[in-house]
$ cat structure-v6.txt   # compact mmCIF, C-alpha atoms
# COMPACT_ATOMS: atom_id res chain seq x y z
CA ARG A 1 -10.26 -1.69 -23.54
CA ARG A 2 -7.76 -1.51 -20.70
CA ARG A 3 -10.23 0.19 -18.34
CA LEU A 4 -12.77 -2.58 -18.91
CA GLU A 5 -10.62 -4.93 -16.89
CA LEU A 6 -10.90 -2.88 -13.73
CA ASP A 7 -13.05 -3.98 -10.85
CA PRO A 8 -15.86 -1.38 -10.98
CA LEU A 9 -15.74 -1.08 -7.19
CA THR A 10 -12.30 0.55 -7.52
CA SER A 11 -13.17 2.73 -10.51
CA GLN A 12 -13.83 6.41 -9.93
CA ALA A 13 -16.39 6.23 -12.75
CA GLY A 14 -18.38 3.80 -10.62
CA LYS A 15 -19.85 6.71 -8.64
CA GLN A 16 -22.04 7.55 -11.65
CA TYR A 17 -22.86 3.96 -12.53
CA LYS A 18 -26.67 4.22 -12.44
CA ARG A 19 -26.67 6.96 -15.05
CA ALA A 20 -24.05 5.04 -17.04
CA ILE A 21 -26.29 1.93 -17.03
CA SER A 22 -29.11 3.92 -18.58
CA ASP A 23 -26.83 5.45 -21.22
CA LEU A 24 -25.21 2.11 -22.13
CA ARG A 25 -28.58 0.43 -22.59
CA LEU A 26 -29.45 3.06 -25.19
CA VAL A 27 -26.12 2.55 -26.96
CA LEU A 28 -26.53 -1.24 -27.00
CA ASP A 29 -30.01 -0.88 -28.47
CA GLN A 30 -28.27 0.58 -31.51
CA ASP A 31 -25.17 -1.64 -31.41
CA PRO A 32 -26.11 -4.86 -29.56
CA ASP A 33 -22.92 -6.74 -30.43
CA ASN A 34 -20.40 -4.13 -29.24
CA THR A 35 -18.25 -6.25 -26.93
CA ASP A 36 -16.62 -3.32 -25.13
CA TYR A 37 -20.02 -1.93 -24.10
CA LEU A 38 -21.35 -5.37 -23.24
CA ILE A 39 -18.45 -5.91 -20.86
CA PHE A 40 -18.67 -2.42 -19.36
CA LEU A 41 -22.43 -2.74 -18.77
CA SER A 42 -21.82 -6.19 -17.27
CA GLN A 43 -19.35 -4.61 -14.85
CA LEU A 44 -21.86 -1.95 -13.89
CA TYR A 45 -24.58 -4.55 -13.33
CA GLU A 46 -22.17 -6.33 -10.99
CA LEU A 47 -21.73 -3.08 -9.10
CA ASP A 48 -25.51 -2.67 -8.97
CA LYS A 49 -25.81 -6.14 -7.38
CA ARG A 50 -27.45 -7.71 -10.41
CA PRO A 51 -25.14 -10.73 -10.89
CA GLY A 52 -27.50 -12.69 -13.14
CA GLU A 53 -27.77 -9.89 -15.70
CA ALA A 54 -24.03 -9.23 -15.37
CA GLU A 55 -23.17 -12.83 -16.20
CA GLU A 56 -25.65 -12.94 -19.11
CA LEU A 57 -23.93 -9.95 -20.76
CA LEU A 58 -20.52 -11.44 -20.07
CA ARG A 59 -21.51 -14.69 -21.80
CA LYS A 60 -22.72 -12.71 -24.80
CA ALA A 61 -19.42 -10.84 -24.96
CA GLU A 62 -17.53 -14.12 -24.65
CA GLU A 63 -19.25 -15.44 -27.78
CA HIS A 64 -17.61 -12.60 -29.69
CA LEU A 65 -14.26 -12.99 -27.90
CA PRO A 66 -13.52 -16.74 -27.91
CA ASN A 67 -9.76 -16.17 -27.98
CA ASP A 68 -9.54 -13.25 -25.57
CA PRO A 69 -8.65 -13.91 -21.88
CA LEU A 70 -10.40 -10.71 -20.74
CA VAL A 71 -13.58 -12.55 -19.74
CA VAL A 72 -11.55 -15.07 -17.72
CA ARG A 73 -9.91 -12.26 -15.76
CA ILE A 74 -13.23 -10.54 -15.10
CA ARG A 75 -14.89 -13.73 -13.83
CA CYS A 76 -11.87 -14.42 -11.65
CA HIS A 77 -11.93 -10.95 -10.09
CA ARG A 78 -15.65 -11.13 -9.46
CA ALA A 79 -15.19 -14.36 -7.54
CA MET A 80 -12.36 -12.76 -5.57
CA ASN A 81 -14.58 -9.78 -4.70
CA ARG A 82 -17.14 -12.21 -3.30
CA GLY A 83 -14.44 -13.83 -1.20
CA ASP A 84 -14.79 -17.01 -3.26
CA PHE A 85 -11.11 -17.75 -3.83
CA LYS A 86 -11.72 -21.40 -4.66
CA GLY A 87 -14.16 -20.25 -7.32
CA ALA A 88 -11.62 -17.76 -8.65
CA LEU A 89 -9.00 -20.48 -8.93
CA ALA A 90 -11.47 -22.79 -10.69
CA VAL A 91 -12.10 -20.06 -13.29
CA LEU A 92 -8.36 -19.63 -13.74
CA ARG A 93 -7.72 -23.37 -14.13
CA GLU A 94 -10.27 -23.58 -16.93
CA GLY A 95 -8.80 -20.47 -18.56
CA ILE A 96 -5.22 -21.73 -18.32
CA VAL A 97 -6.13 -25.01 -19.99
CA LYS A 98 -8.15 -23.23 -22.68
CA PHE A 99 -5.39 -20.75 -23.53
CA TRP A 100 -2.42 -23.05 -22.87
CA PRO A 101 -1.16 -22.98 -26.50
CA ASP A 102 -0.88 -19.16 -26.35
CA ARG A 103 2.35 -18.62 -24.38
CA ALA A 104 1.74 -14.94 -23.62
CA VAL A 105 -1.79 -15.46 -22.30
CA ARG A 106 -0.69 -18.62 -20.49
CA ARG A 107 1.97 -16.70 -18.59
CA GLU A 108 -0.46 -13.92 -17.70
CA LEU A 109 -3.04 -16.32 -16.26
CA LEU A 110 -0.42 -18.47 -14.53
CA SER A 111 0.92 -15.35 -12.82
CA LEU A 112 -2.52 -14.53 -11.44
CA ASN A 113 -3.00 -18.18 -10.45
CA GLU A 114 0.31 -18.17 -8.57
CA THR A 115 -0.71 -15.01 -6.72
CA LEU A 116 -3.91 -16.60 -5.46
CA VAL A 117 -2.39 -19.98 -4.68
CA GLN A 118 0.37 -18.44 -2.56
CA GLY A 119 -1.92 -15.99 -0.82
CA ALA A 120 -4.68 -18.44 -0.07
CA SER A 121 -2.38 -21.46 0.42
CA MET A 122 -4.61 -23.54 -1.83
CA LEU A 123 -2.26 -26.32 -2.88
CA GLU A 124 -5.10 -28.56 -3.97
CA SER A 125 -5.77 -26.10 -6.79
CA GLN A 126 -2.22 -26.55 -8.08
CA ALA A 127 -2.68 -30.31 -8.02
CA LYS A 128 -5.96 -30.02 -9.95
CA LEU A 129 -4.32 -27.75 -12.53
CA ALA A 130 -1.48 -30.22 -13.04
CA ASP A 131 -4.03 -33.05 -13.48
CA MET A 132 -6.05 -31.07 -16.03
CA LEU A 133 -2.99 -30.14 -18.06
CA GLU A 134 -1.61 -33.68 -18.10
CA ARG A 135 -4.95 -35.02 -19.34
CA ARG A 136 -5.31 -32.37 -22.04
CA PHE A 137 -1.65 -32.14 -23.08
CA PRO A 138 -0.08 -35.50 -22.11
CA ASN A 139 3.09 -35.00 -24.19
CA ASP A 140 3.63 -31.32 -23.44
CA LEU A 141 6.78 -30.78 -21.37
CA ASP A 142 5.60 -27.36 -20.16
CA ALA A 143 2.54 -29.10 -18.71
CA LYS A 144 4.84 -31.56 -16.92
CA VAL A 145 6.75 -28.59 -15.47
CA ARG A 146 3.51 -27.56 -13.73
CA ARG A 147 3.46 -30.94 -11.97
CA ALA A 148 7.07 -30.46 -10.87
CA GLU A 149 6.23 -26.98 -9.61
CA PHE A 150 3.35 -28.40 -7.59
CA PHE A 151 5.78 -30.81 -5.91
CA PHE A 152 7.98 -27.87 -4.88
CA TYR A 153 4.96 -25.95 -3.56
CA ASP A 154 3.98 -29.03 -1.58
CA LYS A 155 7.52 -29.32 -0.15
CA ARG A 156 8.03 -32.63 -1.94
CA ILE A 157 11.45 -31.45 -2.97
CA GLU A 158 12.94 -34.77 -4.04
CA GLU A 159 9.95 -35.59 -6.27
CA GLY A 160 10.10 -32.10 -7.73
CA TYR A 161 13.77 -32.39 -8.64
CA ASN A 162 13.37 -35.93 -9.99
CA LEU A 163 10.67 -34.82 -12.41
CA LEU A 164 12.42 -31.56 -13.30
CA ASP A 165 15.71 -33.38 -13.98
CA ALA A 166 13.89 -35.83 -16.26
CA ILE A 167 12.30 -32.95 -18.19
CA LEU A 168 15.59 -31.09 -18.61
CA GLU A 169 17.43 -34.26 -19.59
CA GLN A 170 14.92 -34.68 -22.41
CA ALA A 171 14.90 -30.97 -23.35
CA PRO A 172 17.80 -28.97 -21.81
CA SER A 173 16.52 -25.74 -23.40
CA ASN A 174 12.97 -25.99 -22.11
CA LEU A 175 12.42 -22.45 -20.83
CA ALA A 176 9.66 -23.26 -18.34
CA GLY A 177 11.82 -25.99 -16.82
CA ARG A 178 14.90 -23.80 -16.61
CA VAL A 179 12.91 -21.00 -14.97
CA LEU A 180 11.53 -23.48 -12.43
CA GLU A 181 15.10 -24.62 -11.76
CA LEU A 182 15.95 -21.05 -10.75
CA LYS A 183 12.81 -20.71 -8.62
CA ALA A 184 13.61 -24.02 -6.93
CA ALA A 185 17.04 -22.71 -5.99
CA ARG A 186 15.29 -20.13 -3.85
CA VAL A 187 12.74 -22.56 -2.38
CA THR A 188 15.41 -25.07 -1.43
CA LYS A 189 17.81 -22.35 -0.23
CA LEU A 190 20.60 -23.39 -2.55
CA PRO A 191 23.93 -21.76 -1.51
CA GLU A 192 24.16 -18.31 -3.08
CA ALA A 193 27.29 -19.09 -5.09
CA LYS A 194 25.61 -22.11 -6.71
CA ALA A 195 22.42 -20.17 -7.38
CA GLN A 196 24.41 -17.35 -8.99
CA ALA A 197 26.27 -19.85 -11.16
CA LEU A 198 22.93 -21.34 -12.20
CA LEU A 199 21.64 -17.92 -13.18
CA ALA A 200 24.83 -17.07 -15.11
CA LYS A 201 24.49 -20.35 -17.03
CA PHE A 202 20.83 -19.56 -17.72
CA GLU A 203 21.75 -16.15 -19.15
CA GLN A 204 24.47 -17.70 -21.30
CA ASP A 205 22.26 -20.48 -22.67
CA PHE A 206 19.41 -18.09 -23.56
CA ALA A 207 21.52 -15.16 -24.75
CA GLY A 208 19.37 -14.66 -27.84
CA ASN A 209 15.98 -15.06 -26.15
CA ALA A 210 14.51 -11.77 -24.92
CA GLU A 211 11.73 -13.49 -22.96
CA ALA A 212 14.28 -15.61 -21.08
CA LEU A 213 16.53 -12.62 -20.44
CA GLY A 214 13.53 -10.83 -18.95
CA PHE A 215 13.26 -13.67 -16.45
CA ALA A 216 17.01 -13.40 -15.76
CA CYS A 217 16.64 -9.66 -15.16
CA ARG A 218 13.95 -10.41 -12.56
CA PHE A 219 16.05 -13.06 -10.83
CA TYR A 220 19.09 -10.74 -10.62
CA ALA A 221 16.96 -8.04 -9.01
CA VAL A 222 14.75 -10.12 -6.73
CA LEU A 223 16.97 -13.06 -5.75
CA PHE A 224 20.33 -11.36 -5.43
CA ASN A 225 19.66 -7.59 -5.24
CA ASP A 226 22.15 -7.40 -8.11
CA PHE A 227 20.86 -4.16 -9.56
CA GLU A 228 23.84 -3.69 -11.87
CA ASN A 229 23.18 -6.90 -13.80
CA ALA A 230 19.42 -6.39 -13.59
CA THR A 231 19.82 -2.95 -15.18
CA ARG A 232 22.19 -4.26 -17.84
CA LEU A 233 19.81 -7.00 -18.90
CA GLY A 234 16.68 -4.91 -18.48
CA LEU A 235 17.89 -2.20 -20.85
CA ARG A 236 18.91 -4.82 -23.40
CA VAL A 237 15.51 -6.53 -23.22
CA LEU A 238 13.65 -3.23 -23.54
CA ASP A 239 15.59 -2.55 -26.73
CA GLU A 240 15.09 -6.03 -28.19
CA ASP A 241 11.52 -6.69 -27.06
CA PRO A 242 9.41 -3.58 -26.28
CA GLN A 243 6.49 -5.85 -25.26
CA ASN A 244 8.45 -7.58 -22.48
CA LEU A 245 6.86 -7.04 -19.08
CA ASP A 246 9.64 -8.14 -16.72
CA ALA A 247 12.20 -5.58 -17.92
CA PRO A 248 10.28 -2.34 -17.23
CA ILE A 249 9.00 -3.65 -13.88
CA MET A 250 12.47 -4.63 -12.68
CA LEU A 251 14.06 -1.44 -14.03
CA GLY A 252 11.33 0.50 -12.25
CA LEU A 253 12.11 -1.37 -9.04
CA VAL A 254 15.81 -0.61 -9.40
CA SER A 255 15.06 3.08 -10.05
CA GLN A 256 13.06 3.24 -6.84
CA GLN A 257 15.88 1.61 -4.90
CA THR A 258 18.24 4.31 -6.21
CA LYS A 259 15.68 7.08 -5.44
CA GLU A 260 15.14 7.88 -9.12
CA PHE A 261 11.39 7.99 -8.65
CA ALA A 262 10.45 9.91 -11.80
CA ARG A 263 12.37 7.43 -13.94
CA GLY A 264 10.81 4.54 -12.04
CA ILE A 265 7.31 5.88 -12.63
CA GLU A 266 8.01 6.28 -16.35
CA LEU A 267 9.16 2.65 -16.62
CA LEU A 268 6.33 1.27 -14.51
CA GLU A 269 3.71 3.20 -16.47
CA ARG A 270 5.15 1.50 -19.54
CA ALA A 271 4.58 -1.87 -17.87
CA ILE A 272 1.03 -0.89 -16.86
CA GLU A 273 0.29 0.11 -20.44
CA LEU A 274 1.31 -3.41 -21.45
CA ALA A 275 -0.54 -5.12 -18.59
CA PRO A 276 -3.06 -2.90 -16.76
CA TYR A 277 -3.99 -5.84 -14.50
CA ASP A 278 -0.45 -6.40 -13.16
CA SER A 279 -0.64 -5.87 -9.41
CA GLU A 280 3.14 -5.74 -8.98
CA ALA A 281 3.60 -2.93 -11.51
CA LEU A 282 0.61 -1.03 -10.12
CA GLY A 283 1.82 -1.34 -6.53
CA LEU A 284 5.38 -0.28 -7.32
CA CYS A 285 4.17 2.66 -9.41
CA ALA A 286 1.86 3.71 -6.57
CA HIS A 287 4.84 3.79 -4.20
CA GLY A 288 6.62 6.02 -6.72
CA TYR A 289 3.71 8.44 -6.93
CA LEU A 290 3.56 8.55 -3.14
CA GLU A 291 7.24 9.53 -3.00
CA VAL A 292 6.78 12.36 -5.53
CA GLN A 293 3.80 13.75 -3.61
CA GLN A 294 1.01 12.68 -5.97
CA PRO A 295 -1.32 11.01 -3.44
CA ARG A 296 -4.41 10.80 -5.66
CA GLN A 297 -2.63 8.87 -8.38
CA ALA A 298 -0.91 6.74 -5.73
CA GLU A 299 -4.23 5.89 -4.09
CA ASP A 300 -5.83 4.92 -7.41
CA TYR A 301 -2.94 2.58 -8.25
CA PHE A 302 -2.76 1.10 -4.76
CA MET A 303 -6.48 0.30 -4.90
CA ARG A 304 -6.18 -1.25 -8.33
CA SER A 305 -3.21 -3.33 -7.20
CA LEU A 306 -5.15 -4.70 -4.22
CA SER A 307 -8.17 -5.42 -6.41
CA TYR A 308 -6.02 -7.70 -8.59
CA ASP A 309 -4.04 -9.21 -5.71
CA PRO A 310 -5.83 -8.91 -2.34
CA PHE A 311 -2.89 -10.60 -0.58
CA ARG A 312 -0.17 -8.04 -1.42
CA VAL A 313 1.22 -6.91 1.95
CA ASP A 314 3.59 -4.36 0.36
CA THR A 315 0.65 -2.67 -1.39
CA LEU A 316 -1.35 -2.69 1.85
CA GLN A 317 1.57 -1.06 3.68
CA GLY A 318 1.84 1.65 1.03
CA LEU A 319 -1.87 2.47 1.09
CA VAL A 320 -1.93 2.55 4.90
CA GLU A 321 1.03 4.94 4.82
CA LEU A 322 -0.83 7.13 2.33
CA PHE A 323 -3.95 7.21 4.52
CA LEU A 324 -1.88 8.17 7.55
CA ARG A 325 -0.02 10.89 5.63
CA THR A 326 -3.35 12.33 4.52
CA ARG A 327 -4.79 12.11 8.06
CA ARG A 328 -7.25 9.31 7.43
CA PRO A 329 -6.41 6.81 10.20
CA LYS A 330 -9.93 5.38 10.35
CA GLN A 331 -9.75 4.48 6.66
CA ALA A 332 -6.36 2.89 7.29
CA GLU A 333 -7.82 0.79 10.11
CA ALA A 334 -10.81 -0.26 7.99
CA LEU A 335 -8.49 -1.23 5.14
CA ILE A 336 -6.35 -3.45 7.36
CA ARG A 337 -9.41 -5.13 8.87
CA THR A 338 -10.73 -5.87 5.38
CA PHE A 339 -7.33 -7.32 4.47
CA LEU A 340 -7.43 -9.55 7.56
CA GLN A 341 -10.96 -10.70 6.69
CA THR A 342 -9.73 -11.67 3.22
CA PHE A 343 -7.27 -14.08 4.83
CA GLU A 344 -9.94 -15.38 7.18
CA GLN A 345 -12.07 -16.28 4.17
CA THR A 346 -9.28 -18.55 2.94
CA GLY A 347 -8.86 -20.24 6.31
CA GLN A 348 -5.26 -19.03 6.51
CA PRO A 349 -3.72 -16.64 9.06
CA ALA A 350 -2.56 -13.27 7.78
CA PRO A 351 1.19 -12.50 7.98
CA PRO A 352 2.08 -11.23 11.50
CA PRO A 353 3.19 -7.76 10.24
CA VAL A 354 -0.42 -7.02 9.23
CA ALA A 355 -1.77 -7.33 12.78
CA LEU A 356 1.15 -5.27 14.07
CA MET A 357 0.34 -2.63 11.45
CA LEU A 358 -3.22 -2.54 12.80
CA ALA A 359 -1.95 -1.96 16.35
CA GLU A 360 0.23 0.91 15.16
CA VAL A 361 -2.68 2.54 13.29
CA ILE A 362 -4.92 2.22 16.36
CA ALA A 363 -2.17 3.88 18.43
CA THR A 364 -2.04 6.85 16.02
CA GLN A 365 -5.70 7.48 16.91
CA GLY A 366 -4.78 7.77 20.59
CA ASP A 367 -6.45 4.51 21.61
CA PHE A 368 -3.39 3.15 23.41
CA PRO A 369 -5.14 0.53 25.59
CA ARG A 370 -6.63 -1.15 22.50
CA ALA A 371 -3.31 -0.92 20.65
CA ILE A 372 -1.38 -2.40 23.58
CA ALA A 373 -3.90 -5.22 23.99
CA LEU A 374 -3.62 -6.10 20.29
CA ALA A 375 0.22 -5.95 20.38
CA SER A 376 0.25 -8.21 23.46
CA ASP A 377 -1.99 -10.69 21.68
CA ILE A 378 0.43 -10.72 18.73
CA ASP A 379 3.36 -11.39 21.07
CA ALA A 380 1.46 -14.25 22.72
CA LYS A 381 0.89 -15.88 19.34

$ encode --input "structure-v6.txt" --output "structure tokens"
Amino acid sequence: RRRLELDPLTSQAGKQYKRAISDLRLVLDQDPDNTDYLIFLSQLYELDKRPGEAEELLRKAEEHLPNDPLVVRIRCHRAMNRGDFKGALAVLREGIVKFWPDRAVRRELLSLNETLVQGASMLESQAKLADMLERRFPNDLDAKVRRAEFFFYDKRIEEGYNLLDAILEQAPSNLAGRVLELKAARVTKLPEAKAQALLAKFEQDFAGNAEALGFACRFYAVLFNDFENATRLGLRVLDEDPQNLDAPIMLGLVSQQTKEFARGIELLERAIELAPYDSEALGLCAHGYLEVQQPRQAEDYFMRSLSYDPFRVDTLQGLVELFLRTRRPKQAEALIRTFLQTFEQTGQPAPPPVALMLAEVIATQGDFPRAIALASDIDAK
């Protein structure tokens, strides 16, 4: 099932898709309700530019999978591939509301939603999500946390803290609220000592909660570069909750920072087995494969990472580096231009390092006048 989630445009199997379409039709004639084959054929129809037939098969599969978020993810990625990021976010909002009672699925879809909202700077989507959740779950504190998070996104810091404080006063152990409190410390640039004290209190209060400790592991690694505490908590979480996603990703990140690439790959592959759609795990693992001289595996993972999160600059940088190492500068240039077009489709400017990366790639091809002109334009902006 895990391969069914992949965008067929990034799948190596896609090269034989016309033959696969013929074969799958024959199989479905014998087993018309096989959801795996329905989804796979739907993906291949999408690749063959037959969106109507693709959606018809997806609807049929959805009838058999009413409680599975797979169809939501597929519809979201198809919209992203078309450059329709507002459409992708609309699909996600509906999915988040539908699966809200399932905490694991909720977190998965919220993570993808956050990726798109940040990349495309679509704050109105966050506001719409908060509205939908408040209407559907008016007494749910986790739903109210989404409203507070929107305030922080929208730089309405005082409103965000007022609502968050009210939530935590009512329920001091609300995990979503406490996690947002830690995120807000970063957004509002809380002094490091206070932020560290907040994190230590969080770890103490949720000492018996593996999910919460997975969050703490991530905050130690990402917020404070405290790899010692991240490793300590990560190993504990892996032992207590083998299904936790944060722990193997953060331990993999730490292993890469300490140049233990083989160990990092092992941990990140574990995360990918749990969540094959996770762009962060895929991108980090790709970097690991690049370091151990396995460029084919690295390229596959980089491409998959970008297919799930087309705004990941670190993944773009890794794939460009791979193309340059393997003497494919024209592919590197085309990749960066596609990345820039993705931002243009959202109406937002791409991060400045991306344009600079393009100038450097153009220079590697010996076209110095064009590279200099582009670098000068970047400086002017």

$ closest_residue --input "structure-v6.txt" --among "A:Cys285, A:Ala221, A:Ala185, A:Leu65" --to "Ile272 in chain A" --atoms "all atoms listed in the file"
A:Cys285

$ residues_around --input "structure-v6.txt" --residues "Ile362 in chain A" --least-positions-apart "6" --cutoff "12 Å" --atoms "only C-alpha atoms" --output "PyMOL selection string"
chain A and resi 320+324+328-334+336-337+355-356+368-375

$ closest_atom_pairs --input "structure-v6.txt" --of "range 271-361 of chain A" --to "range 75-98 of chain A" --cutoff "8 Å" --atoms "only C-alpha atoms" --output "Markdown table"
| residue | atom | partner | partner_atom | distance |
| --- | --- | --- | --- | --- |
| A:Ser307 | CA | A:His77 | CA | 7.6 |
| A:Tyr308 | CA | A:His77 | CA | 6.9 |
| A:Thr342 | CA | A:Gly83 | CA | 6.8 |
| A:Gln345 | CA | A:Gly83 | CA | 6.4 |
| A:Thr346 | CA | A:Phe85 | CA | 7.1 |

$ write_last_selection --input "structure-v6.txt" --atoms "C-alpha atoms" --output "PDB file, in the coordinates of the input"
ATOM      1  CA  SER A 307      -8.170  -5.420  -6.410  1.00  0.00           C
ATOM      2  CA  TYR A 308      -6.020  -7.700  -8.590  1.00  0.00           C
ATOM      3  CA  THR A 342      -9.730 -11.670   3.220  1.00  0.00           C
ATOM      4  CA  GLN A 345     -12.070 -16.280   4.170  1.00  0.00           C
ATOM      5  CA  THR A 346      -9.280 -18.550   2.940  1.00  0.00           C
TER       6      THR A 346
END

$ atom_distance --input "structure-v6.txt" --atom1 "CA of Glu321 in chain A" --atom2 "CA of Arg218 in chain A"
26.5 Å

$ closest_residue --input "structure-v6.txt" --among "A:Lys259, A:Lys49, A:Leu340, A:Tyr37" --to "Ala20 in chain A" --atoms "all atoms listed in the file"
A:Tyr37

$ residues_around --input "structure-v6.txt" --residues "Ala298 in chain A" --least-positions-apart "3" --cutoff "9 Å" --atoms "all atoms listed in the file" --output "MDAnalysis selection string"
chainID A and resid 283 285:290 293:295 301:303 318:319 322

$ atom_distance --input "structure-v6.txt" --atom1 "CA of Phe323 in chain A" --atom2 "CA of Glu291 in chain A"
13.7 Å

$ closest_atom_pairs --input "structure-v6.txt" --of "range 153-240 of chain A" --to "range 122-131 of chain A" --cutoff "12 Å" --atoms "only C-alpha atoms" --output "tab-separated table"
residue	atom	partner	partner_atom	distance
A:Tyr153	CA	A:Leu123	CA	7.3
A:Asp154	CA	A:Leu123	CA	6.9
A:Lys155	CA	A:Leu123	CA	10.6

$ residues_around --input "structure-v6.txt" --residues "Pro351 in chain A" --least-positions-apart "2" --cutoff "12 Å" --atoms "all atoms listed in the file" --output "JSON list (two decimals) with C-alpha atoms, in the coordinates of the input"
[["chain", "number", "residue", "atom", "x", "y", "z"],
["A", 119, "GLY", "CA", -1.92, -15.99, -0.82],
["A", 120, "ALA", "CA", -4.68, -18.44, -0.07],
["A", 311, "PHE", "CA", -2.89, -10.60, -0.58],
["A", 312, "ARG", "CA", -0.17, -8.04, -1.42],
["A", 313, "VAL", "CA", 1.22, -6.91, 1.95],
["A", 314, "ASP", "CA", 3.59, -4.36, 0.36],
["A", 316, "LEU", "CA", -1.35, -2.69, 1.85],
["A", 336, "ILE", "CA", -6.35, -3.45, 7.36],
["A", 339, "PHE", "CA", -7.33, -7.32, 4.47],
["A", 340, "LEU", "CA", -7.43, -9.55, 7.56],
["A", 342, "THR", "CA", -9.73, -11.67, 3.22],
["A", 343, "PHE", "CA", -7.27, -14.08, 4.83],
["A", 344, "GLU", "CA", -9.94, -15.38, 7.18],
["A", 348, "GLN", "CA", -5.26, -19.03, 6.51],
["A", 349, "PRO", "CA", -3.72, -16.64, 9.06],
["A", 353, "PRO", "CA", 3.19, -7.76, 10.24],
["A", 354, "VAL", "CA", -0.42, -7.02, 9.23],
["A", 355, "ALA", "CA", -1.77, -7.33, 12.78],
["A", 356, "LEU", "CA", 1.15, -5.27, 14.07],
["A", 357, "MET", "CA", 0.34, -2.63, 11.45],
["A", 358, "LEU", "CA", -3.22, -2.54, 12.80],
["A", 378, "ILE", "CA", 0.43, -10.72, 18.73],
["A", 381, "LYS", "CA", 0.89, -15.88, 19.34]]

$ closest_residue --input "structure-v6.txt" --among "A:Phe224, A:Tyr277, A:Phe151, A:Phe206" --to "Asn174 in chain A" --atoms "all atoms listed in the file"
A:Phe206

$ atom_distance --input "structure-v6.txt" --atom1 "CA of Glu46 in chain A" --atom2 "CA of Ile74 in chain A"
10.7 Å

$ closest_residue --input "structure-v6.txt" --among "A:Thr231, A:Gln43, A:Thr364, A:Ser173" --to "Phe202 in chain A" --atoms "all atoms listed in the file"
A:Ser173

$ closest_residue --input "structure-v6.txt" --among "A:Ala176, A:Arg296, A:Val27, A:Gln170" --to "Arg103 in chain A" --atoms "all atoms listed in the file"
A:Ala176

$ closest_residue --input "structure-v6.txt" --among "A:Ala275, A:Leu47, A:Glu269, A:Glu192" --to "Gln297 in chain A" --atoms "only C-alpha atoms"
A:Glu269

$ residues_around --input "structure-v6.txt" --residues "Leu284 in chain A" --least-positions-apart "6" --cutoff "8 Å" --atoms "only C-alpha atoms" --output "CSV table (one decimal) with C-alpha atoms, keeping the file's coordinate frame"
chain,number,residue,atom,x,y,z
A,252,GLY,CA,11.3,0.5,-12.2
A,253,LEU,CA,12.1,-1.4,-9.0
A,268,LEU,CA,6.3,1.3,-14.5
A,315,THR,CA,0.6,-2.7,-1.4

$ residues_around --input "structure-v6.txt" --residues "Val222 in chain A" --least-positions-apart "6" --cutoff "12 Å" --atoms "all atoms listed in the file" --output "list in words"
Leu182, Lys183, Arg186, Phe215, Ala216, Asn229, Ala230, Asp246, Ile249, Met250, Leu251, Leu253, Val254 and Gln257 of chain A

$ write_last_selection --input "structure-v6.txt" --atoms "C-alpha atoms" --output "tab-separated table (two decimals), keeping the file's coordinate frame"
chain	number	residue	atom	x	y	z
A	182	LEU	CA	15.95	-21.05	-10.75
A	183	LYS	CA	12.81	-20.71	-8.62
A	186	ARG	CA	15.29	-20.13	-3.85
A	215	PHE	CA	13.26	-13.67	-16.45
A	216	ALA	CA	17.01	-13.40	-15.76
A	229	ASN	CA	23.18	-6.90	-13.80
A	230	ALA	CA	19.42	-6.39	-13.59
A	246	ASP	CA	9.64	-8.14	-16.72
A	249	ILE	CA	9.00	-3.65	-13.88
A	250	MET	CA	12.47	-4.63	-12.68
A	251	LEU	CA	14.06	-1.44	-14.03
A	253	LEU	CA	12.11	-1.37	-9.04
A	254	VAL	CA	15.81	-0.61	-9.40
A	257	GLN	CA	15.88	1.61	-4.90

$ closest_atom_pairs --input "structure-v6.txt" --of "range 58-93 of chain A" --to "range 28-32 of chain A" --cutoff "12 Å" --atoms "only C-alpha atoms" --output "JSON lines"
{"residue": "A:Lys60", "atom": "CA", "partner": "A:Pro32", "partner_atom": "CA", "distance": 9.8}
{"residue": "A:Ala61", "atom": "CA", "partner": "A:Pro32", "partner_atom": "CA", "distance": 10.1}
{"residue": "A:His64", "atom": "CA", "partner": "A:Pro32", "partner_atom": "CA", "distance": 11.5}
